[in-house]
Structure formats: structure tokens, C-alpha cells
$ cat structure_13.cif   # mmCIF, N, CA and C atoms
data_upload
loop_
_atom_site.label_atom_id
_atom_site.label_comp_id
_atom_site.auth_asym_id
_atom_site.auth_seq_id
_atom_site.Cartn_x
_atom_site.Cartn_y
_atom_site.Cartn_z
N MET A 17 140.23 111.38 111.51
CA MET A 17 139.42 110.45 110.76
C MET A 17 138.97 111.10 109.46
N THR A 18 138.80 110.30 108.45
CA THR A 18 138.22 110.75 107.20
C THR A 18 136.72 110.75 107.36
N ASP A 19 136.05 111.77 106.82
CA ASP A 19 134.60 111.89 106.94
C ASP A 19 133.99 111.67 105.57
N ILE A 20 133.21 110.59 105.39
CA ILE A 20 132.61 110.33 104.09
C ILE A 20 131.28 111.03 103.92
N SER A 21 130.82 111.76 104.95
CA SER A 21 129.50 112.36 104.86
C SER A 21 129.46 113.54 103.89
N SER A 22 130.60 114.04 103.46
CA SER A 22 130.61 115.18 102.54
C SER A 22 130.46 114.75 101.08
N ALA A 23 130.45 113.45 100.80
CA ALA A 23 130.38 112.99 99.42
C ALA A 23 129.07 113.41 98.77
N GLY A 24 127.93 113.00 99.32
CA GLY A 24 126.61 113.43 98.84
C GLY A 24 126.38 113.17 97.36
N GLY A 25 125.18 113.47 96.87
CA GLY A 25 124.87 113.38 95.45
C GLY A 25 124.57 111.98 94.98
N PRO A 26 124.26 111.86 93.67
CA PRO A 26 123.91 110.55 93.11
C PRO A 26 125.09 109.58 93.16
N ALA A 27 124.77 108.31 93.18
CA ALA A 27 125.79 107.28 93.36
C ALA A 27 126.75 107.17 92.19
N ASP A 28 126.43 107.78 91.04
CA ASP A 28 127.32 107.62 89.89
C ASP A 28 128.42 108.68 89.83
N THR A 29 128.55 109.51 90.86
CA THR A 29 129.66 110.48 90.87
C THR A 29 130.96 109.74 91.17
N PRO A 30 132.08 110.24 90.70
CA PRO A 30 133.35 109.57 90.99
C PRO A 30 133.63 109.43 92.49
N ALA A 31 133.30 110.46 93.27
CA ALA A 31 133.56 110.40 94.72
C ALA A 31 132.73 109.30 95.37
N ASN A 32 131.46 109.20 95.01
CA ASN A 32 130.60 108.17 95.60
C ASN A 32 130.97 106.78 95.11
N ARG A 33 131.31 106.65 93.85
CA ARG A 33 131.72 105.36 93.31
C ARG A 33 132.98 104.88 94.03
N ALA A 34 133.88 105.80 94.34
CA ALA A 34 135.11 105.43 95.06
C ALA A 34 134.77 104.87 96.44
N ILE A 35 133.80 105.46 97.12
CA ILE A 35 133.39 104.96 98.44
C ILE A 35 132.76 103.58 98.31
N ILE A 36 131.90 103.40 97.33
CA ILE A 36 131.23 102.11 97.13
C ILE A 36 132.24 101.02 96.81
N ASP A 37 133.23 101.33 95.98
CA ASP A 37 134.21 100.33 95.54
C ASP A 37 135.33 100.09 96.55
N GLN A 38 135.50 100.99 97.50
CA GLN A 38 136.58 100.86 98.48
C GLN A 38 136.37 99.61 99.33
N THR A 39 137.42 98.84 99.53
CA THR A 39 137.30 97.60 100.29
C THR A 39 137.88 97.68 101.69
N LYS A 40 138.67 98.72 101.97
CA LYS A 40 139.25 98.86 103.30
C LYS A 40 139.12 100.31 103.77
N PHE A 41 138.64 100.46 104.99
CA PHE A 41 138.48 101.77 105.61
C PHE A 41 139.27 101.76 106.91
N VAL A 42 140.09 102.77 107.12
CA VAL A 42 140.88 102.88 108.33
C VAL A 42 140.64 104.26 108.94
N LYS A 43 140.29 104.27 110.23
CA LYS A 43 140.06 105.52 110.98
C LYS A 43 139.12 106.44 110.22
N THR A 44 137.99 105.88 109.80
CA THR A 44 137.00 106.62 109.02
C THR A 44 135.71 106.74 109.81
N ALA A 45 135.13 107.94 109.80
CA ALA A 45 133.81 108.14 110.40
C ALA A 45 132.77 107.83 109.33
N ILE A 46 131.90 106.89 109.61
CA ILE A 46 130.90 106.45 108.63
C ILE A 46 129.51 106.67 109.20
N TRP A 47 128.75 107.53 108.53
CA TRP A 47 127.36 107.72 108.92
C TRP A 47 126.57 106.62 108.21
N LEU A 48 126.13 105.64 108.97
CA LEU A 48 125.54 104.43 108.40
C LEU A 48 124.38 104.70 107.44
N PRO A 49 123.44 105.61 107.75
CA PRO A 49 122.36 105.84 106.78
C PRO A 49 122.86 106.29 105.41
N GLN A 50 123.82 107.19 105.38
CA GLN A 50 124.33 107.66 104.09
C GLN A 50 125.13 106.57 103.37
N TYR A 51 125.94 105.83 104.13
CA TYR A 51 126.74 104.76 103.54
C TYR A 51 125.82 103.73 102.88
N ALA A 52 124.71 103.41 103.55
CA ALA A 52 123.75 102.47 102.99
C ALA A 52 123.10 103.02 101.73
N VAL A 53 122.67 104.27 101.76
CA VAL A 53 121.99 104.87 100.61
C VAL A 53 122.92 104.94 99.40
N LEU A 54 124.19 105.26 99.61
CA LEU A 54 125.14 105.26 98.48
C LEU A 54 125.14 103.90 97.79
N HIS A 55 125.18 102.84 98.58
CA HIS A 55 125.18 101.49 98.01
C HIS A 55 123.84 101.15 97.36
N PHE A 56 122.74 101.44 98.05
CA PHE A 56 121.41 101.11 97.51
C PHE A 56 121.17 101.83 96.19
N ASN A 57 121.55 103.11 96.11
CA ASN A 57 121.35 103.88 94.87
C ASN A 57 122.18 103.33 93.71
N ALA A 58 123.24 102.62 94.03
CA ALA A 58 124.08 101.99 93.00
C ALA A 58 123.66 100.55 92.74
N GLY A 59 122.55 100.11 93.36
CA GLY A 59 122.07 98.75 93.13
C GLY A 59 122.73 97.70 94.00
N VAL A 60 123.47 98.12 95.01
CA VAL A 60 124.16 97.19 95.91
C VAL A 60 123.33 97.09 97.19
N HIS A 61 122.69 95.95 97.42
CA HIS A 61 121.80 95.80 98.56
C HIS A 61 122.43 95.06 99.72
N VAL A 62 123.58 94.44 99.50
CA VAL A 62 124.35 93.81 100.57
C VAL A 62 125.78 94.30 100.43
N ILE A 63 126.30 94.89 101.49
CA ILE A 63 127.68 95.38 101.49
C ILE A 63 128.58 94.19 101.80
N LYS A 64 129.49 93.88 100.87
CA LYS A 64 130.28 92.65 100.97
C LYS A 64 131.77 92.92 100.91
N ASN A 65 132.52 92.01 101.54
CA ASN A 65 133.97 91.92 101.40
C ASN A 65 134.68 93.23 101.72
N LYS A 66 134.38 93.79 102.89
CA LYS A 66 135.02 95.03 103.32
C LYS A 66 135.70 94.79 104.66
N VAL A 67 136.72 95.59 104.92
CA VAL A 67 137.42 95.59 106.20
C VAL A 67 137.36 97.00 106.74
N PHE A 68 136.93 97.12 107.99
CA PHE A 68 136.84 98.41 108.67
C PHE A 68 137.74 98.34 109.90
N GLU A 69 138.75 99.20 109.96
CA GLU A 69 139.67 99.22 111.10
C GLU A 69 139.60 100.57 111.79
N GLU A 70 139.35 100.52 113.09
CA GLU A 70 139.31 101.72 113.93
C GLU A 70 138.37 102.78 113.36
N CYS A 71 137.23 102.34 112.85
CA CYS A 71 136.24 103.25 112.29
C CYS A 71 135.17 103.57 113.33
N LEU A 72 134.51 104.68 113.13
CA LEU A 72 133.37 105.07 113.95
C LEU A 72 132.13 104.98 113.08
N PHE A 73 131.20 104.12 113.46
CA PHE A 73 129.92 103.99 112.77
C PHE A 73 128.87 104.73 113.58
N GLU A 74 128.18 105.66 112.93
CA GLU A 74 127.15 106.43 113.61
C GLU A 74 125.80 106.18 112.97
N GLY A 75 124.79 106.06 113.81
CA GLY A 75 123.43 105.84 113.34
C GLY A 75 122.66 107.13 113.32
N PRO A 76 121.37 107.00 113.34
CA PRO A 76 120.66 105.78 113.73
C PRO A 76 120.72 104.72 112.64
N GLY A 77 120.71 103.47 113.08
CA GLY A 77 120.74 102.40 112.11
C GLY A 77 120.76 101.03 112.76
N VAL A 78 120.50 100.04 111.92
CA VAL A 78 120.55 98.64 112.32
C VAL A 78 121.44 97.90 111.34
N ILE A 79 122.43 97.20 111.86
CA ILE A 79 123.31 96.38 111.03
C ILE A 79 122.78 94.96 111.04
N LEU A 80 122.54 94.43 109.84
CA LEU A 80 122.15 93.03 109.65
C LEU A 80 123.42 92.25 109.32
N ALA A 81 123.88 91.44 110.25
CA ALA A 81 125.10 90.67 110.06
C ALA A 81 124.76 89.35 109.38
N LEU A 82 125.19 89.20 108.13
CA LEU A 82 124.99 87.96 107.39
C LEU A 82 126.23 87.09 107.55
N GLU A 83 126.40 86.11 106.70
CA GLU A 83 127.51 85.17 106.80
C GLU A 83 128.86 85.89 106.77
N GLY A 84 129.77 85.42 107.63
CA GLY A 84 131.14 85.88 107.60
C GLY A 84 131.41 87.25 108.17
N VAL A 85 130.47 87.80 108.93
CA VAL A 85 130.69 89.11 109.55
C VAL A 85 131.35 88.89 110.90
N ARG A 86 132.46 89.62 111.14
CA ARG A 86 133.22 89.46 112.38
C ARG A 86 133.45 90.81 113.03
N PHE A 87 133.28 90.84 114.33
CA PHE A 87 133.58 92.02 115.13
C PHE A 87 134.75 91.66 116.03
N GLU A 88 135.88 92.34 115.86
CA GLU A 88 137.10 92.02 116.61
C GLU A 88 137.49 93.22 117.48
N ASN A 89 137.39 93.04 118.79
CA ASN A 89 137.77 94.08 119.75
C ASN A 89 137.08 95.40 119.48
N CYS A 90 135.79 95.35 119.24
CA CYS A 90 135.00 96.54 118.94
C CYS A 90 134.24 97.01 120.18
N ASN A 91 133.94 98.29 120.21
CA ASN A 91 133.01 98.86 121.19
C ASN A 91 131.67 98.91 120.47
N LEU A 92 130.80 97.99 120.80
CA LEU A 92 129.55 97.82 120.05
C LEU A 92 128.43 98.75 120.51
N GLY A 93 128.67 99.52 121.54
CA GLY A 93 127.66 100.47 121.98
C GLY A 93 127.50 100.46 123.48
N VAL A 94 126.77 101.44 123.95
CA VAL A 94 126.56 101.61 125.38
C VAL A 94 125.12 101.22 125.72
N ALA A 95 125.00 100.27 126.61
CA ALA A 95 123.67 99.86 127.09
C ALA A 95 123.85 99.19 128.44
N SER A 96 122.94 99.44 129.36
CA SER A 96 123.05 98.80 130.67
C SER A 96 122.88 97.29 130.54
N ASP A 97 122.09 96.87 129.55
CA ASP A 97 121.93 95.45 129.25
C ASP A 97 122.32 95.27 127.78
N PRO A 98 123.39 94.53 127.48
CA PRO A 98 123.84 94.36 126.10
C PRO A 98 122.76 93.85 125.15
N LYS A 99 121.77 93.15 125.68
CA LYS A 99 120.69 92.66 124.82
C LYS A 99 119.89 93.80 124.22
N SER A 100 119.99 94.98 124.82
CA SER A 100 119.28 96.15 124.29
C SER A 100 119.83 96.59 122.94
N LEU A 101 121.03 96.14 122.60
CA LEU A 101 121.63 96.48 121.30
C LEU A 101 121.15 95.56 120.18
N LEU A 102 120.40 94.50 120.55
CA LEU A 102 119.94 93.52 119.58
C LEU A 102 118.49 93.75 119.19
N MET A 103 118.18 93.49 117.93
CA MET A 103 116.81 93.52 117.45
C MET A 103 116.54 92.18 116.78
N ARG A 104 115.71 91.37 117.41
CA ARG A 104 115.42 90.05 116.86
C ARG A 104 114.37 90.15 115.75
N PRO A 105 114.64 89.54 114.59
CA PRO A 105 113.63 89.52 113.52
C PRO A 105 112.40 88.73 113.96
N VAL A 106 111.23 89.21 113.58
CA VAL A 106 110.01 88.49 113.91
C VAL A 106 109.32 87.94 112.67
N GLY A 107 109.86 88.24 111.50
CA GLY A 107 109.30 87.73 110.25
C GLY A 107 110.38 87.03 109.45
N PRO A 108 110.04 86.58 108.24
CA PRO A 108 111.00 85.84 107.43
C PRO A 108 112.10 86.71 106.82
N LYS A 109 111.89 88.04 106.75
CA LYS A 109 112.88 88.96 106.19
C LYS A 109 113.09 90.13 107.14
N VAL A 110 114.26 90.75 107.03
CA VAL A 110 114.56 91.95 107.81
C VAL A 110 114.52 93.12 106.85
N ILE A 111 113.63 94.05 107.11
CA ILE A 111 113.47 95.23 106.25
C ILE A 111 113.99 96.46 107.00
N GLY A 112 114.74 97.30 106.30
CA GLY A 112 115.20 98.55 106.88
C GLY A 112 116.56 98.47 107.54
N ALA A 113 117.18 97.31 107.55
CA ALA A 113 118.51 97.15 108.13
C ALA A 113 119.55 97.21 107.02
N VAL A 114 120.77 97.55 107.38
CA VAL A 114 121.88 97.60 106.43
C VAL A 114 122.61 96.26 106.50
N ALA A 115 122.57 95.52 105.40
CA ALA A 115 123.12 94.16 105.37
C ALA A 115 124.61 94.17 105.04
N PHE A 116 125.38 93.45 105.84
CA PHE A 116 126.81 93.26 105.62
C PHE A 116 127.08 91.76 105.53
N GLU A 117 127.98 91.38 104.61
CA GLU A 117 128.35 89.97 104.45
C GLU A 117 129.85 89.89 104.21
N GLU A 118 130.50 88.91 104.85
CA GLU A 118 131.95 88.71 104.71
C GLU A 118 132.73 90.01 104.97
N CYS A 119 132.38 90.67 106.06
CA CYS A 119 133.04 91.93 106.44
C CYS A 119 133.67 91.76 107.82
N ARG A 120 134.80 92.46 108.02
CA ARG A 120 135.47 92.46 109.33
C ARG A 120 135.45 93.87 109.88
N PHE A 121 135.09 93.96 111.15
CA PHE A 121 135.12 95.21 111.88
C PHE A 121 136.18 95.04 112.97
N VAL A 122 137.26 95.80 112.89
CA VAL A 122 138.38 95.64 113.81
C VAL A 122 138.55 96.92 114.61
N ARG A 123 138.43 96.82 115.93
CA ARG A 123 138.59 97.96 116.84
C ARG A 123 137.72 99.15 116.42
N CYS A 124 136.51 98.88 115.97
CA CYS A 124 135.57 99.94 115.57
C CYS A 124 134.69 100.32 116.76
N ARG A 125 134.09 101.51 116.65
CA ARG A 125 133.13 101.97 117.64
C ARG A 125 131.80 102.19 116.94
N PHE A 126 130.73 101.93 117.67
CA PHE A 126 129.38 102.05 117.12
C PHE A 126 128.56 102.95 118.04
N ALA A 127 127.90 103.94 117.47
CA ALA A 127 127.06 104.86 118.24
C ALA A 127 125.67 104.90 117.62
N MET A 128 124.65 104.68 118.42
CA MET A 128 123.25 104.67 117.97
C MET A 128 123.00 103.61 116.91
N ILE A 129 123.64 102.45 117.07
CA ILE A 129 123.51 101.33 116.14
C ILE A 129 122.99 100.13 116.91
N SER A 130 122.02 99.43 116.32
CA SER A 130 121.56 98.14 116.83
C SER A 130 122.01 97.07 115.85
N PHE A 131 121.92 95.83 116.28
CA PHE A 131 122.41 94.72 115.49
C PHE A 131 121.34 93.64 115.40
N THR A 132 121.31 92.97 114.25
CA THR A 132 120.42 91.84 114.07
C THR A 132 121.09 90.83 113.16
N GLY A 133 120.52 89.64 113.10
CA GLY A 133 121.06 88.59 112.26
C GLY A 133 120.38 87.27 112.57
N HIS A 134 120.93 86.20 112.03
CA HIS A 134 120.39 84.87 112.28
C HIS A 134 120.64 84.50 113.74
N GLU A 135 119.94 83.53 114.22
CA GLU A 135 119.99 83.20 115.65
C GLU A 135 121.40 82.87 116.15
N PRO A 136 122.24 82.12 115.41
CA PRO A 136 123.60 81.89 115.91
C PRO A 136 124.38 83.20 116.09
N PHE A 137 124.18 84.16 115.19
CA PHE A 137 124.85 85.46 115.36
C PHE A 137 124.36 86.15 116.63
N MET A 138 123.05 86.12 116.86
CA MET A 138 122.47 86.78 118.02
C MET A 138 123.06 86.18 119.31
N ALA A 139 123.15 84.86 119.37
CA ALA A 139 123.71 84.21 120.56
C ALA A 139 125.19 84.57 120.74
N GLU A 140 125.93 84.58 119.64
CA GLU A 140 127.35 84.94 119.70
C GLU A 140 127.52 86.39 120.14
N PHE A 141 126.67 87.27 119.64
CA PHE A 141 126.72 88.69 120.02
C PHE A 141 126.53 88.84 121.53
N GLU A 142 125.54 88.14 122.06
CA GLU A 142 125.28 88.22 123.50
C GLU A 142 126.49 87.73 124.29
N GLN A 143 127.14 86.68 123.82
CA GLN A 143 128.34 86.18 124.50
C GLN A 143 129.49 87.17 124.39
N MET A 144 129.66 87.81 123.21
CA MET A 144 130.70 88.82 123.04
C MET A 144 130.52 89.93 124.04
N GLN A 145 129.29 90.41 124.16
CA GLN A 145 129.01 91.53 125.06
C GLN A 145 129.23 91.14 126.52
N SER A 146 128.93 89.90 126.87
CA SER A 146 129.13 89.48 128.26
C SER A 146 130.63 89.37 128.58
N ARG A 147 131.47 89.19 127.54
CA ARG A 147 132.92 89.15 127.73
C ARG A 147 133.53 90.54 127.68
N GLY A 148 132.71 91.55 127.33
CA GLY A 148 133.23 92.91 127.34
C GLY A 148 133.50 93.51 125.98
N GLY A 149 132.86 93.02 124.94
CA GLY A 149 133.02 93.64 123.62
C GLY A 149 133.20 92.62 122.53
N GLY A 150 133.23 93.09 121.32
CA GLY A 150 133.38 92.20 120.17
C GLY A 150 134.74 91.56 120.14
N GLN A 151 134.78 90.25 120.14
CA GLN A 151 136.07 89.53 120.12
C GLN A 151 136.19 88.76 118.82
#
$ encode --input "structure_13.cif" --output "C-alpha cells"
Amino acid sequence: MTDISSAGGPADTPANRAIIDQTKFVKTAIWLPQYAVLHFNAGVHVIKNKVFEECLFEGPGVILALEGVRFENCNLGVASDPKSLLMRPVGPKVIGAVAFEECRFVRCRFAMISFTGHEPFMAEFEQMQSRGGGQ
């Protein structure tokens, strides 16, 4: 796997800009906190239009799934009760989560990651987990 955690530094470096602008990741280990900070430092507050195939996402972190986010045959995490992977918003906004929109996660693995989103996403997530993973 490619490790993006060695990029480091301000978001305007060529290496970091390449990560921010990249639209497809294959067999890449992604440390979610750093990936989010690279985008936030560049003024990107919602990660959009990306495809992740066979990637490993490591937390700690919370993924906010906005419109068009799909999990296909993913291992979304280990929990005796799949609902433990969900964090339901209790206010009008979600603060501190990494927002993704129009992104596909294909055969990815997630470690120390929770998920949140609008209520239809939450219900779909629970159904995915009861079927044995992201479909």
C-alpha cells in the first residue's frame, strides 16, 4: 500500500497538493485525521468526487457521509453491535467529522472510524451491516 502519512507540511507543497487533487486511490493507507487536515488547510471542507479502492482508512475519526457516498463491499469496522459504529447528530450541524460527498469506497477497510450522516444514510448503514458489510 502507498502511505500518504509521510507527506506532512503545509497544504501548498507539491506533494500535499497532489494528494488533495488526486481523485482515485488504490491500495492506499489513509490516516483520516491527516487526510482531513490537508484538505482543510487548503480550504477544502468537503472531500468530493473521489474513488477509493481497497484502501485502509485509519482513525480515530468520524466520516460524515453526504449525498452520493457509497460503500461497496467494505469492511466498515469491528463491533459486536453494528450500531456502535454510528454517531447520530443531535444538533443542526455536525462538527468535527470529515465530510465526504459523491465518493465511492470499494472494498475498503476502516479501523477506529465511526460514521454519521442524514437519517436515510444511517438507516441504510444499519441495513448494510446486518447484511454483513457495505454493499
$ resolve_selection --input "structure_13.cif" --expression "the PyMOL selection byres ((chain A and resi 65-75) around 8)" --output "number ranges by chain"
A: 17, 38-50, 62-64, 76-78, 116-130
$ select_by_dssp --input "structure_13.cif" --residues "chain A" --states "strand (DSSP E)" --output "number ranges by chain"
A: 18-19, 40-42, 44-47, 62-64, 67-69, 72-81, 86-88, 114-117, 120-122, 125-133
$ closest_residue --input "structure_13.cif" --among "A:Asn32, A:Ile111, A:Leu101, A:Gln143" --to "Phe131 of chain A" --atoms "only N, CA and C atoms"
A:Leu101
$ select_by_dssp --input "structure_13.cif" --residues "chain A" --states "alpha helix (DSSP H)" --output "short mmCIF file (atom, residue, chain, number, x, y, z; two decimals) with N, CA and C atoms, in the frame of the given file"
data_model
loop_
_atom_site.label_atom_id
_atom_site.label_comp_id
_atom_site.auth_asym_id
_atom_site.auth_seq_id
_atom_site.Cartn_x
_atom_site.Cartn_y
_atom_site.Cartn_z
N PRO A 30 132.08 110.24 90.70
CA PRO A 30 133.35 109.57 90.99
C PRO A 30 133.63 109.43 92.49
N ALA A 31 133.30 110.46 93.27
CA ALA A 31 133.56 110.40 94.72
C ALA A 31 132.73 109.30 95.37
N ASN A 32 131.46 109.20 95.01
CA ASN A 32 130.60 108.17 95.60
C ASN A 32 130.97 106.78 95.11
N ARG A 33 131.31 106.65 93.85
CA ARG A 33 131.72 105.36 93.31
C ARG A 33 132.98 104.88 94.03
N ALA A 34 133.88 105.80 94.34
CA ALA A 34 135.11 105.43 95.06
C ALA A 34 134.77 104.87 96.44
N ILE A 35 133.80 105.46 97.12
CA ILE A 35 133.39 104.96 98.44
C ILE A 35 132.76 103.58 98.31
N ILE A 36 131.90 103.40 97.33
CA ILE A 36 131.23 102.11 97.13
C ILE A 36 132.24 101.02 96.81
N ASP A 37 133.23 101.33 95.98
CA ASP A 37 134.21 100.33 95.54
C ASP A 37 135.33 100.09 96.55
N LEU A 48 126.13 105.64 108.97
CA LEU A 48 125.54 104.43 108.40
C LEU A 48 124.38 104.70 107.44
N PRO A 49 123.44 105.61 107.75
CA PRO A 49 122.36 105.84 106.78
C PRO A 49 122.86 106.29 105.41
N GLN A 50 123.82 107.19 105.38
CA GLN A 50 124.33 107.66 104.09
C GLN A 50 125.13 106.57 103.37
N TYR A 51 125.94 105.83 104.13
CA TYR A 51 126.74 104.76 103.54
C TYR A 51 125.82 103.73 102.88
N ALA A 52 124.71 103.41 103.55
CA ALA A 52 123.75 102.47 102.99
C ALA A 52 123.10 103.02 101.73
N VAL A 53 122.67 104.27 101.76
CA VAL A 53 121.99 104.87 100.61
C VAL A 53 122.92 104.94 99.40
N LEU A 54 124.19 105.26 99.61
CA LEU A 54 125.14 105.26 98.48
C LEU A 54 125.14 103.90 97.79
N HIS A 55 125.18 102.84 98.58
CA HIS A 55 125.18 101.49 98.01
C HIS A 55 123.84 101.15 97.36
N PHE A 56 122.74 101.44 98.05
CA PHE A 56 121.41 101.11 97.51
C PHE A 56 121.17 101.83 96.19
N ASN A 57 121.55 103.11 96.11
CA ASN A 57 121.35 103.88 94.87
C ASN A 57 122.18 103.33 93.71
N GLU A 135 119.94 83.53 114.22
CA GLU A 135 119.99 83.20 115.65
C GLU A 135 121.40 82.87 116.15
N PRO A 136 122.24 82.12 115.41
CA PRO A 136 123.60 81.89 115.91
C PRO A 136 124.38 83.20 116.09
N PHE A 137 124.18 84.16 115.19
CA PHE A 137 124.85 85.46 115.36
C PHE A 137 124.36 86.15 116.63
N MET A 138 123.05 86.12 116.86
CA MET A 138 122.47 86.78 118.02
C MET A 138 123.06 86.18 119.31
N ALA A 139 123.15 84.86 119.37
CA ALA A 139 123.71 84.21 120.56
C ALA A 139 125.19 84.57 120.74
N GLU A 140 125.93 84.58 119.64
CA GLU A 140 127.35 84.94 119.70
C GLU A 140 127.52 86.39 120.14
N PHE A 141 126.67 87.27 119.64
CA PHE A 141 126.72 88.69 120.02
C PHE A 141 126.53 88.84 121.53
N GLU A 142 125.54 88.14 122.06
CA GLU A 142 125.28 88.22 123.50
C GLU A 142 126.49 87.73 124.29
N GLN A 143 127.14 86.68 123.82
CA GLN A 143 128.34 86.18 124.50
C GLN A 143 129.49 87.17 124.39
N MET A 144 129.66 87.81 123.21
CA MET A 144 130.70 88.82 123.04
C MET A 144 130.52 89.93 124.04
N GLN A 145 129.29 90.41 124.16
CA GLN A 145 129.01 91.53 125.06
C GLN A 145 129.23 91.14 126.52
N SER A 146 128.93 89.90 126.87
CA SER A 146 129.13 89.48 128.26
C SER A 146 130.63 89.37 128.58
#
$ residues_around --input "structure_13.cif" --residues "His134 of chain A" --least-positions-apart "5" --cutoff "10 Å" --atoms "only C-alpha atoms" --output "ChimeraX atom specification"
/A:80-83,104-105,139
$ atom_distance --input "structure_13.cif" --atom1 "atom C of Tyr51 of chain A" --atom2 "atom N of Met144 of chain A"
26.1 Å
$ atom_distance --input "structure_13.cif" --atom1 "atom CA of Gly84 of chain A" --atom2 "atom CA of Ala34 of chain A"
23.6 Å
$ atom_distance --input "structure_13.cif" --atom1 "atom CA of Gly133 of chain A" --atom2 "atom N of Gly107 of chain A"
11.2 Å
$ resolve_selection --input "structure_13.cif" --expression "the PyMOL selection byres (((chain A and resi 55 and name CA) around 10) and name CA)" --output "NGL selection string"
:A and (27 or 32-33 or 35-37 or 50-54 or 56-63 or 114)
$ axis_aligned_box --input "structure_13.cif" --around "segment 31-35 of chain A" --padding-each-side "6 Å" --output "AutoDock Vina command-line options"
--center_x 132.9 --center_y 107.0 --center_z 95.9 --size_x 16.5 --size_y 18.9 --size_z 17.2
$ resolve_selection --input "structure_13.cif" --expression "the PyMOL selection byres ((chain A and resi 99) around 8)" --output "list in words"
Ala95, Ser96, Asp97, Pro98, Ser100, Leu101, Leu102, Met103, Phe141, Glu142, Gln145 and Ser146 of chain A
$ decode --input "structure_13.cif" --residues "segment 61-81 of chain A" --atoms "C-alpha atoms" --output "mmCIF file, in the first residue's frame"
data_model
loop_
_atom_site.group_PDB
_atom_site.id
_atom_site.type_symbol
_atom_site.label_atom_id
_atom_site.label_comp_id
_atom_site.auth_asym_id
_atom_site.auth_seq_id
_atom_site.Cartn_x
_atom_site.Cartn_y
_atom_site.Cartn_z
ATOM 1 C CA HIS A 61 -14.095 21.470 3.795
ATOM 2 C CA VAL A 62 -15.942 18.713 1.931
ATOM 3 C CA ILE A 63 -13.988 15.980 0.166
ATOM 4 C CA LYS A 64 -15.766 15.420 -3.152
ATOM 5 C CA ASN A 65 -15.715 13.218 -6.232
ATOM 6 C CA LYS A 66 -13.153 10.640 -5.136
ATOM 7 C CA VAL A 67 -12.924 6.885 -5.599
ATOM 8 C CA PHE A 68 -11.156 4.736 -3.022
ATOM 9 C CA GLU A 69 -10.460 1.097 -3.957
ATOM 10 C CA GLU A 70 -9.056 -1.432 -1.495
ATOM 11 C CA CYS A 71 -7.862 1.355 0.806
ATOM 12 C CA LEU A 72 -7.324 1.214 4.540
ATOM 13 C CA PHE A 73 -8.772 4.165 6.457
ATOM 14 C CA GLU A 74 -7.394 4.579 9.955
ATOM 15 C CA GLY A 75 -8.718 6.836 12.675
ATOM 16 C CA PRO A 76 -9.531 7.968 15.109
ATOM 17 C CA GLY A 77 -12.178 9.743 13.130
ATOM 18 C CA VAL A 78 -15.776 10.171 12.076
ATOM 19 C CA ILE A 79 -16.859 10.114 8.436
ATOM 20 C CA LEU A 80 -19.826 12.329 7.600
ATOM 21 C CA ALA A 81 -21.459 10.760 4.547
#
